[in-house]
$ cat entry_2.txt   # compact mmCIF, C-alpha atoms
# COMPACT_ATOMS: atom_id res chain seq x y z
CA MET A 1 65.12 91.37 -140.62
CA GLY A 2 61.59 92.82 -140.57
CA LEU A 3 58.38 91.18 -139.47
CA PRO A 4 56.48 89.00 -141.98
CA ARG A 5 53.66 90.73 -143.84
CA VAL A 6 51.02 88.63 -142.04
CA LYS A 7 52.28 89.68 -138.61
CA LYS A 8 52.38 93.33 -139.65
CA GLU A 9 48.78 93.18 -140.85
CA ALA A 10 47.73 91.42 -137.63
CA TYR A 11 49.49 94.15 -135.59
CA VAL A 12 47.68 96.92 -137.50
CA VAL A 13 44.31 95.22 -136.90
CA LYS A 14 45.04 94.78 -133.19
CA LEU A 15 46.17 98.40 -132.78
CA LYS A 16 42.98 99.63 -134.45
CA GLN A 17 40.80 97.43 -132.23
CA LEU A 18 42.52 98.73 -129.10
CA LEU A 19 42.14 102.36 -130.21
CA GLU A 20 38.42 101.81 -130.74
CA THR A 21 37.95 99.86 -127.49
CA TYR A 22 39.91 101.97 -125.00
CA LYS A 23 39.56 105.71 -124.40
CA SER A 24 42.89 106.24 -122.58
CA ILE A 25 46.48 105.33 -123.43
CA PHE A 26 49.67 105.55 -121.38
CA LEU A 27 52.75 106.16 -123.54
CA VAL A 28 55.50 104.39 -121.61
CA ASN A 29 59.26 104.18 -121.93
CA VAL A 30 60.71 100.70 -121.49
CA ASP A 31 64.47 101.38 -121.51
CA ASN A 32 66.41 98.72 -119.55
CA VAL A 33 63.22 96.73 -118.82
CA SER A 34 63.95 93.00 -119.09
CA SER A 35 61.60 90.48 -120.70
CA ASN A 36 60.90 88.88 -117.31
CA GLN A 37 60.07 92.27 -115.81
CA MET A 38 57.81 93.02 -118.77
CA HIS A 39 55.99 89.74 -118.14
CA GLN A 40 55.44 90.70 -114.49
CA ILE A 41 54.03 94.06 -115.53
CA ARG A 42 51.64 92.41 -117.99
CA VAL A 43 50.44 90.07 -115.23
CA SER A 44 49.83 92.96 -112.81
CA LEU A 45 47.80 94.78 -115.48
CA ARG A 46 45.45 91.93 -116.26
CA GLY A 47 41.86 93.13 -116.14
CA LYS A 48 43.03 96.75 -115.88
CA GLY A 49 44.94 97.47 -119.08
CA VAL A 50 46.57 96.02 -122.20
CA VAL A 51 50.25 96.46 -123.08
CA LEU A 52 51.18 96.76 -126.75
CA MET A 53 54.72 97.14 -128.07
CA GLY A 54 55.86 97.57 -131.68
CA LYS A 55 58.45 99.09 -133.97
CA ASN A 56 58.10 102.85 -134.23
CA THR A 57 58.01 102.91 -138.04
CA MET A 58 55.24 100.32 -138.09
CA VAL A 59 53.26 102.14 -135.39
CA ARG A 60 53.52 105.49 -137.19
CA ARG A 61 52.50 103.93 -140.48
CA ALA A 62 49.49 102.27 -138.83
CA LEU A 63 48.38 105.48 -137.10
CA ARG A 64 48.52 107.40 -140.38
CA LEU A 65 46.21 104.80 -141.89
CA PHE A 66 43.69 105.38 -139.06
CA ILE A 67 43.66 109.19 -139.13
CA GLU A 68 40.71 109.48 -141.52
CA GLU A 69 38.66 106.91 -139.61
CA ILE A 70 39.94 107.74 -136.10
CA PRO A 71 41.10 111.40 -136.29
CA THR A 72 41.61 111.60 -132.52
CA CYS A 73 44.69 109.34 -132.76
CA GLU A 74 46.72 111.95 -134.70
CA PRO A 75 48.17 113.64 -131.54
CA LEU A 76 50.01 110.37 -130.76
CA LEU A 77 52.30 110.60 -133.80
CA PRO A 78 54.89 113.11 -132.45
CA TYR A 79 55.53 110.90 -129.39
CA ILE A 80 56.31 107.67 -131.27
CA LYS A 81 60.07 107.84 -130.82
CA GLY A 82 62.62 106.02 -128.71
CA ASN A 83 61.88 102.83 -126.83
CA ILE A 84 58.17 103.53 -126.49
CA GLY A 85 55.10 101.38 -125.84
CA PHE A 86 51.36 101.65 -125.21
CA VAL A 87 49.20 100.71 -122.22
CA PHE A 88 45.50 100.89 -123.11
CA THR A 89 42.87 101.28 -120.38
CA ASN A 90 39.35 102.40 -119.53
CA GLY A 91 40.06 102.45 -115.80
CA ASP A 92 41.16 105.05 -113.28
CA LEU A 93 44.31 106.75 -114.60
CA LYS A 94 45.88 107.39 -111.18
CA GLU A 95 45.41 103.79 -110.09
CA LEU A 96 46.81 102.38 -113.33
CA ARG A 97 49.83 104.67 -113.28
CA THR A 98 50.68 103.32 -109.82
CA VAL A 99 50.48 99.76 -111.12
CA ILE A 100 52.65 100.57 -114.15
CA THR A 101 55.43 102.27 -112.20
CA ALA A 102 55.37 99.96 -109.16
CA ASN A 103 57.39 97.16 -110.79
CA LYS A 104 61.00 98.29 -110.46
CA VAL A 105 64.21 96.29 -110.08
CA ALA A 106 67.59 97.38 -108.75
CA ALA A 107 70.35 97.42 -111.36
CA PRO A 108 74.13 97.85 -111.18
CA ALA A 109 75.85 100.81 -112.78
CA ARG A 110 77.00 100.16 -116.33
CA ALA A 111 79.56 102.19 -118.22
CA GLY A 112 77.87 104.48 -120.74
CA ALA A 113 74.41 104.14 -119.17
CA LEU A 114 72.44 107.32 -118.50
CA ALA A 115 72.22 107.96 -114.76
CA THR A 116 68.67 108.41 -113.47
CA VAL A 117 69.70 109.67 -110.00
CA ASN A 118 72.71 111.17 -108.25
CA VAL A 119 74.91 108.44 -106.78
CA VAL A 120 76.76 109.11 -103.53
CA ILE A 121 79.28 106.72 -101.96
CA PRO A 122 78.96 107.03 -98.17
CA ALA A 123 81.92 107.48 -95.86
CA GLY A 124 83.08 104.39 -94.03
CA ASN A 125 85.13 101.24 -94.30
CA THR A 126 84.92 99.54 -97.69
CA GLY A 127 86.48 96.23 -96.64
CA MET A 128 88.78 96.44 -99.70
CA GLU A 129 92.50 95.80 -99.56
CA PRO A 130 94.97 98.71 -99.93
CA GLY A 131 96.06 97.51 -103.39
CA LYS A 132 92.82 98.86 -104.88
CA THR A 133 93.43 102.43 -103.79
CA ALA A 134 94.05 103.42 -107.44
CA PHE A 135 90.32 103.24 -108.21
CA PHE A 136 89.59 105.81 -105.52
CA GLN A 137 92.49 108.05 -106.54
CA ALA A 138 91.28 108.08 -110.16
CA LEU A 139 87.93 109.43 -108.97
CA ARG A 140 89.53 111.81 -106.43
CA ILE A 141 87.85 110.13 -103.51
CA PRO A 142 89.65 110.86 -100.21
CA THR A 143 90.59 107.63 -98.44
CA LYS A 144 92.82 106.31 -95.67
CA ILE A 145 94.05 102.90 -94.63
CA ALA A 146 92.48 101.67 -91.40
CA ARG A 147 93.10 98.20 -90.01
CA GLY A 148 94.49 96.97 -93.30
CA THR A 149 91.49 98.09 -95.41
CA ILE A 150 90.49 101.17 -97.38
CA GLU A 151 88.23 103.62 -95.61
CA ILE A 152 86.43 106.49 -97.35
CA VAL A 153 86.87 109.71 -95.39
CA ASN A 154 83.84 111.71 -96.61
CA ASP A 155 80.63 111.12 -98.54
CA ILE A 156 81.35 111.72 -102.20
CA GLN A 157 79.07 112.00 -105.24
CA VAL A 158 80.49 109.97 -108.13
CA VAL A 159 77.60 110.07 -110.61
CA THR A 160 75.27 112.95 -111.54
CA ALA A 161 71.71 112.38 -112.72
CA GLY A 162 71.28 112.93 -116.46
CA GLU A 163 74.94 112.18 -117.27
CA ARG A 164 76.61 109.04 -118.60
CA VAL A 165 78.26 106.68 -116.13
CA GLY A 166 82.03 106.49 -116.64
CA THR A 167 84.02 103.26 -116.75
CA SER A 168 85.87 103.98 -113.49
CA GLU A 169 82.66 104.92 -111.67
CA ALA A 170 80.87 101.79 -112.87
CA THR A 171 83.82 99.55 -111.86
CA LEU A 172 84.07 101.09 -108.40
CA LEU A 173 80.34 100.89 -107.70
CA ASN A 174 80.28 97.24 -108.74
CA MET A 175 83.29 96.49 -106.52
CA LEU A 176 81.40 98.08 -103.60
CA ASN A 177 78.26 96.04 -104.44
CA ILE A 178 76.25 99.22 -104.92
CA SER A 179 73.30 98.96 -107.34
CA PRO A 180 72.26 102.62 -107.52
CA PHE A 181 69.66 102.52 -110.25
CA THR A 182 66.16 101.08 -110.52
CA TYR A 183 64.58 100.32 -113.86
CA GLY A 184 60.97 99.89 -114.85
CA MET A 185 58.26 101.33 -117.05
CA THR A 186 58.02 105.10 -116.89
CA VAL A 187 55.02 107.09 -118.11
CA ILE A 188 56.01 109.68 -120.71
CA GLN A 189 52.63 111.06 -121.77
CA ILE A 190 48.95 110.24 -121.31
CA TYR A 191 46.37 110.21 -124.10
CA ASP A 192 42.74 110.63 -123.06
CA GLY A 193 39.82 111.34 -125.37
CA GLY A 194 42.01 112.82 -128.10
CA ASN A 195 44.09 115.00 -125.75
CA ILE A 196 47.74 114.48 -124.76
CA PHE A 197 48.99 115.66 -121.36
CA SER A 198 51.88 115.14 -118.96
CA PRO A 199 51.54 112.52 -116.19
CA ASP A 200 52.21 115.31 -113.66
CA VAL A 201 48.60 116.39 -114.20
CA LEU A 202 47.48 113.30 -112.26
CA ASP A 203 49.31 114.63 -109.18
CA ILE A 204 47.04 117.67 -108.99
CA ASP A 205 44.62 117.28 -106.09
CA GLU A 206 40.91 117.27 -106.94
CA LYS A 207 40.29 120.05 -104.42
CA VAL A 208 42.72 122.29 -106.34
CA LEU A 209 40.82 121.63 -109.57
CA ILE A 210 37.48 122.39 -107.92
CA ASP A 211 38.83 125.59 -106.33
CA ARG A 212 40.21 126.78 -109.68
CA PHE A 213 36.94 125.97 -111.42
CA LEU A 214 34.92 127.89 -108.81
CA SER A 215 37.32 130.81 -109.07
CA GLY A 216 36.74 130.89 -112.83
CA VAL A 217 32.97 130.73 -112.33
CA LYS A 218 33.11 133.67 -109.91
CA THR A 219 35.21 135.69 -112.38
CA VAL A 220 32.78 135.01 -115.24
CA ALA A 221 29.85 135.91 -112.99
CA SER A 222 31.50 139.19 -111.94
CA ILE A 223 32.26 140.19 -115.54
CA SER A 224 28.74 139.26 -116.66
CA LEU A 225 27.17 141.35 -113.88
CA ALA A 226 29.44 144.31 -114.64
CA LEU A 227 28.55 144.18 -118.35
CA LYS A 228 24.88 143.42 -117.59
CA TYR A 229 25.19 140.45 -119.92
CA PRO A 230 23.19 137.40 -118.74
CA THR A 231 24.99 134.05 -118.54
CA ILE A 232 24.28 130.77 -116.76
CA VAL A 233 26.53 131.69 -113.81
CA SER A 234 25.20 135.26 -113.49
CA MET A 235 21.47 134.46 -113.70
CA PRO A 236 21.11 133.43 -109.99
CA HIS A 237 22.68 136.77 -108.96
CA LEU A 238 20.46 138.70 -111.38
CA LEU A 239 17.33 137.03 -109.99
CA VAL A 240 18.35 137.70 -106.38
CA ASN A 241 19.18 141.33 -107.17
CA ALA A 242 15.84 141.73 -108.98
CA TYR A 243 14.01 140.27 -105.96
CA LYS A 244 15.83 142.73 -103.66
CA ASN A 245 14.79 145.61 -105.91
CA LEU A 246 11.15 144.44 -105.78
CA LEU A 247 11.28 144.29 -101.97
CA ALA A 248 12.77 147.79 -101.82
CA LEU A 249 10.08 149.10 -104.19
CA SER A 250 7.31 147.42 -102.18
CA ILE A 251 8.60 148.86 -98.90
CA ALA A 252 8.86 152.36 -100.36
CA THR A 253 5.37 152.28 -101.88
CA GLU A 254 1.90 150.91 -101.18
CA TYR A 255 2.43 148.09 -103.64
CA THR A 256 2.71 144.68 -101.98
CA PHE A 257 3.01 141.00 -102.86
CA GLU A 258 3.20 137.76 -100.90
CA GLY A 259 6.99 137.77 -100.45
CA ALA A 260 7.01 141.37 -99.16
CA GLU A 261 4.18 141.12 -96.62
CA LYS A 262 6.26 139.58 -93.82
CA VAL A 263 9.06 142.11 -94.34
CA LYS A 264 6.55 144.96 -94.11
CA GLU A 265 5.04 143.49 -90.94
CA TYR A 266 8.46 143.28 -89.32
CA LEU A 267 9.34 146.87 -90.23
CA ALA A 268 5.95 148.11 -88.97
CA ASN A 269 6.12 146.35 -85.59
CA PRO A 270 9.59 144.88 -84.80
CA GLU A 271 8.72 144.60 -81.05
CA ALA A 272 6.06 141.98 -81.80
CA PHE A 273 8.65 139.70 -83.40
CA ALA A 274 11.04 140.25 -80.45
CA VAL A 275 8.29 139.39 -77.89
CA ALA A 276 7.33 136.28 -79.85
CA ALA A 277 10.94 135.11 -79.91
CA VAL A 278 11.48 135.47 -76.12
CA PRO A 279 8.65 133.12 -74.97
CA ALA A 280 9.81 130.50 -77.43
CA ALA A 281 13.32 130.60 -75.96
CA THR A 282 11.89 130.55 -72.41
CA ALA A 283 9.74 127.53 -73.27
CA ASP A 284 12.78 125.65 -74.54
CA THR A 285 14.75 126.54 -71.38
CA GLY A 286 11.82 125.47 -69.14
CA ALA A 287 11.49 122.13 -70.92
CA ALA A 288 15.20 121.48 -70.48
CA ALA A 289 14.97 122.34 -66.77
CA GLU A 290 12.00 119.99 -66.30
CA GLU A 291 13.95 117.17 -67.94
CA LYS A 292 16.86 117.76 -65.52
CA VAL A 293 14.50 117.73 -62.50
CA GLU A 294 12.88 114.49 -63.67
CA ALA A 295 16.31 112.91 -64.18
CA LYS A 296 17.36 113.87 -60.61
CA GLU A 297 14.14 112.45 -59.16
CA GLU A 298 14.68 109.15 -60.99
CA GLU A 299 18.24 108.93 -59.61
CA LYS A 300 16.94 109.64 -56.10
CA GLU A 301 14.27 106.92 -56.34
CA GLU A 302 16.88 104.40 -57.50
CA SER A 303 19.20 105.24 -54.59
CA ASP A 304 16.27 104.97 -52.08
CA ASP A 305 15.39 101.53 -53.40
CA ASP A 306 18.92 100.28 -52.66
CA MET A 307 18.58 101.30 -48.98
CA GLY A 308 22.34 101.77 -48.84
CA PHE A 309 23.06 98.06 -49.34
CA GLY A 310 24.73 96.32 -52.21
CA LEU A 311 23.31 93.28 -53.96
CA PHE A 312 25.52 90.84 -52.05
CA ASP A 313 25.60 92.60 -48.64
$ encode --input "entry_2.txt" --output "structure tokens"
Amino acid sequence: MGLPRVKKEAYVVKLKQLLETYKSIFLVNVDNVSSNQMHQIRVSLRGKGVVLMGKNTMVRRALRLFIEEIPTCEPLLPYIKGNIGFVFTNGDLKELRTVITANKVAAPARAGALATVNVVIPAGNTGMEPGKTAFFQALRIPTKIARGTIEIVNDIQVVTAGERVGTSEATLLNMLNISPFTYGMTVIQIYDGGNIFSPDVLDIDEKVLIDRFLSGVKTVASISLALKYPTIVSMPHLLVNAYKNLLALSIATEYTFEGAEKVKEYLANPEAFAVAAVPAATADTGAAAEEKVEAKEEEKEESDDDMGFGLFD
């Protein structure tokens, strides 16, 4: 049974308001997320983001209505499939992703469920009676009887990530009280300013981005200089090179200007600059030596005042 017309219209209005209010959207998968867990996630997101769920057909229909007025929402359409939801935000994407994915609960293995991780049963005593050996034999798990209980000889992987959990595997894991899976919201894609990208992009360090940007700037500058085509990034190099050419021309000819006068003076009499530099260094050394002498004299005066006796002697 579908939603009443009034509720559908209210949902469309709310979705439009959220699209106009928030610049970023997390597309999240909510498979195996309980209603209580969803409530906890909503609580943790208060003041940071807004969660909105809805039927895929209704969401797609609403987005198509908004395309003319909000064309940037069109890239969302291909991702409205499966058990999907929205988390709207204007905050820091890295911080909000941490909040979204932090709420996870352990869950037992269920037959037919898609395994999210590899599940390994460790070697050791299971505490189970010998009559239940058939479960282990069905899964080809090497066991032995030790002190009246079943003991697993070696670590054995019984479930592979990405595959369905079998009935025997689920039964055995439940008998061993192993809850191998954790369920919670997972981020599928991120929408930001009309662009869709993978959440892995948030794991890229800012330094890497800056280094890549600077590398691109250097490449553009090099190409611009080679083609003698002025751009924003090549202009500083062109100005510096032009200034160097002016200095070279001034040195080679009688022509001079304010920036070239000091260079010409240095080339005409380099010894004068060397002599001027030495007294300055000597003055600094002499000042430091005087400070050391004064410090030693102060220490000597303080020791003379004590006369070799302590305060309570």
$ atom_distance --input "entry_2.txt" --atom1 "CA of Val43 in chain A" --atom2 "CA of Lys7 in chain A"
23.5 Å
$ closest_residue --input "entry_2.txt" --among "A:Asn83, A:Asp31, A:Lys207, A:Glu20" --to "Glu69 in chain A" --atoms "only C-alpha atoms"
A:Glu20
$ atom_distance --input "entry_2.txt" --atom1 "CA of Asp192 in chain A" --atom2 "CA of Phe66 in chain A"
16.9 Å
$ atom_distance --input "entry_2.txt" --atom1 "CA of Gln137 in chain A" --atom2 "CA of Val117 in chain A"
23.1 Å
$ residues_around --input "entry_2.txt" --residues "Asp155 in chain A" --least-positions-apart "5" --cutoff "10 Å" --atoms "only C-alpha atoms" --output "PyMOL selection string"
chain A and resi 120-124+141-142
$ residues_around --input "entry_2.txt" --residues "Asn103 in chain A" --least-positions-apart "6" --cutoff "12 Å" --atoms "only C-alpha atoms" --output "ChimeraX atom specification"
/A:30,33-34,36-45,97,182-186
$ write_last_selection --input "entry_2.txt" --atoms "C-alpha atoms" --output "PDB file, in the coordinates of the input"
ATOM      1  CA  VAL A  30      60.710 100.700-121.490  1.00  0.00           C
ATOM      2  CA  VAL A  33      63.220  96.730-118.820  1.00  0.00           C
ATOM      3  CA  SER A  34      63.950  93.000-119.090  1.00  0.00           C
ATOM      4  CA  ASN A  36      60.900  88.880-117.310  1.00  0.00           C
ATOM      5  CA  GLN A  37      60.070  92.270-115.810  1.00  0.00           C
ATOM      6  CA  MET A  38      57.810  93.020-118.770  1.00  0.00           C
ATOM      7  CA  HIS A  39      55.990  89.740-118.140  1.00  0.00           C
ATOM      8  CA  GLN A  40      55.440  90.700-114.490  1.00  0.00           C
ATOM      9  CA  ILE A  41      54.030  94.060-115.530  1.00  0.00           C
ATOM     10  CA  ARG A  42      51.640  92.410-117.990  1.00  0.00           C
ATOM     11  CA  VAL A  43      50.440  90.070-115.230  1.00  0.00           C
ATOM     12  CA  SER A  44      49.830  92.960-112.810  1.00  0.00           C
ATOM     13  CA  LEU A  45      47.800  94.780-115.480  1.00  0.00           C
ATOM     14  CA  ARG A  97      49.830 104.670-113.280  1.00  0.00           C
ATOM     15  CA  THR A 182      66.160 101.080-110.520  1.00  0.00           C
ATOM     16  CA  TYR A 183      64.580 100.320-113.860  1.00  0.00           C
ATOM     17  CA  GLY A 184      60.970  99.890-114.850  1.00  0.00           C
ATOM     18  CA  MET A 185      58.260 101.330-117.050  1.00  0.00           C
ATOM     19  CA  THR A 186      58.020 105.100-116.890  1.00  0.00           C
TER      20      THR A 186
END
$ closest_residue --input "entry_2.txt" --among "A:Thr57, A:Thr126, A:Asn29, A:Ser24" --to "Lys94 in chain A" --atoms "only C-alpha atoms"
A:Ser24
$ residues_around --input "entry_2.txt" --residues "Pro75 in chain A" --least-positions-apart "6" --cutoff "10 Å" --atoms "all atoms listed in the file" --output "number ranges by chain"
A: 63, 67, 191, 194-196
$ write_last_selection --input "entry_2.txt" --atoms "C-alpha atoms" --output "compact mmCIF listing (two decimals), in the frame of the given file"
# COMPACT_ATOMS: atom_id res chain seq x y z
CA LEU A 63 48.38 105.48 -137.10
CA ILE A 67 43.66 109.19 -139.13
CA TYR A 191 46.37 110.21 -124.10
CA GLY A 194 42.01 112.82 -128.10
CA ASN A 195 44.09 115.00 -125.75
CA ILE A 196 47.74 114.48 -124.76
$ closest_residue --input "entry_2.txt" --among "A:Ala134, A:Leu139, A:Ala170, A:Leu93" --to "Ala109 in chain A" --atoms "all atoms listed in the file"
A:Ala170
$ closest_residue --input "entry_2.txt" --among "A:Gly49, A:Gly85, A:Leu247, A:Asn118" --to "Val187 in chain A" --atoms "all atoms listed in the file"
A:Gly85
$ residues_around --input "entry_2.txt" --residues "Val12 in chain A" --least-positions-apart "4" --cutoff "10 Å" --atoms "all atoms listed in the file" --output "mmCIF file with C-alpha atoms, keeping the file's coordinate frame"
data_model
loop_
_atom_site.group_PDB
_atom_site.id
_atom_site.type_symbol
_atom_site.label_atom_id
_atom_site.label_comp_id
_atom_site.auth_asym_id
_atom_site.auth_seq_id
_atom_site.Cartn_x
_atom_site.Cartn_y
_atom_site.Cartn_z
ATOM 1 C CA LYS A 7 52.280 89.680 -138.610
ATOM 2 C CA LYS A 8 52.380 93.330 -139.650
ATOM 3 C CA LYS A 16 42.980 99.630 -134.450
ATOM 4 C CA GLN A 17 40.800 97.430 -132.230
ATOM 5 C CA MET A 58 55.240 100.320 -138.090
ATOM 6 C CA VAL A 59 53.260 102.140 -135.390
ATOM 7 C CA ARG A 61 52.500 103.930 -140.480
ATOM 8 C CA ALA A 62 49.490 102.270 -138.830
ATOM 9 C CA LEU A 63 48.380 105.480 -137.100
ATOM 10 C CA LEU A 65 46.210 104.800 -141.890
ATOM 11 C CA PHE A 66 43.690 105.380 -139.060
#
$ residues_around --input "entry_2.txt" --residues "range 231-245 of chain A" --least-positions-apart "6" --cutoff "8 Å" --atoms "all atoms listed in the file" --output "MDAnalysis selection string"
chainID A and resid 217:218 220:222 224:225
$ write_last_selection --input "entry_2.txt" --atoms "C-alpha atoms" --output "PDB file, in the frame of the given file"
ATOM      1  CA  VAL A 217      32.970 130.730-112.330  1.00  0.00           C
ATOM      2  CA  LYS A 218      33.110 133.670-109.910  1.00  0.00           C
ATOM      3  CA  VAL A 220      32.780 135.010-115.240  1.00  0.00           C
ATOM      4  CA  ALA A 221      29.850 135.910-112.990  1.00  0.00           C
ATOM      5  CA  SER A 222      31.500 139.190-111.940  1.00  0.00           C
ATOM      6  CA  SER A 224      28.740 139.260-116.660  1.00  0.00           C
ATOM      7  CA  LEU A 225      27.170 141.350-113.880  1.00  0.00           C
TER       8      LEU A 225
END
$ closest_residue --input "entry_2.txt" --among "A:Ser250, A:Thr167, A:Thr89, A:Ser215" --to "Ile190 in chain A" --atoms "only C-alpha atoms"
A:Thr89
$ closest_residue --input "entry_2.txt" --among "A:Arg5, A:Lys132, A:Arg110, A:Lys55" --to "Thr171 in chain A" --atoms "all atoms listed in the file"
A:Arg110
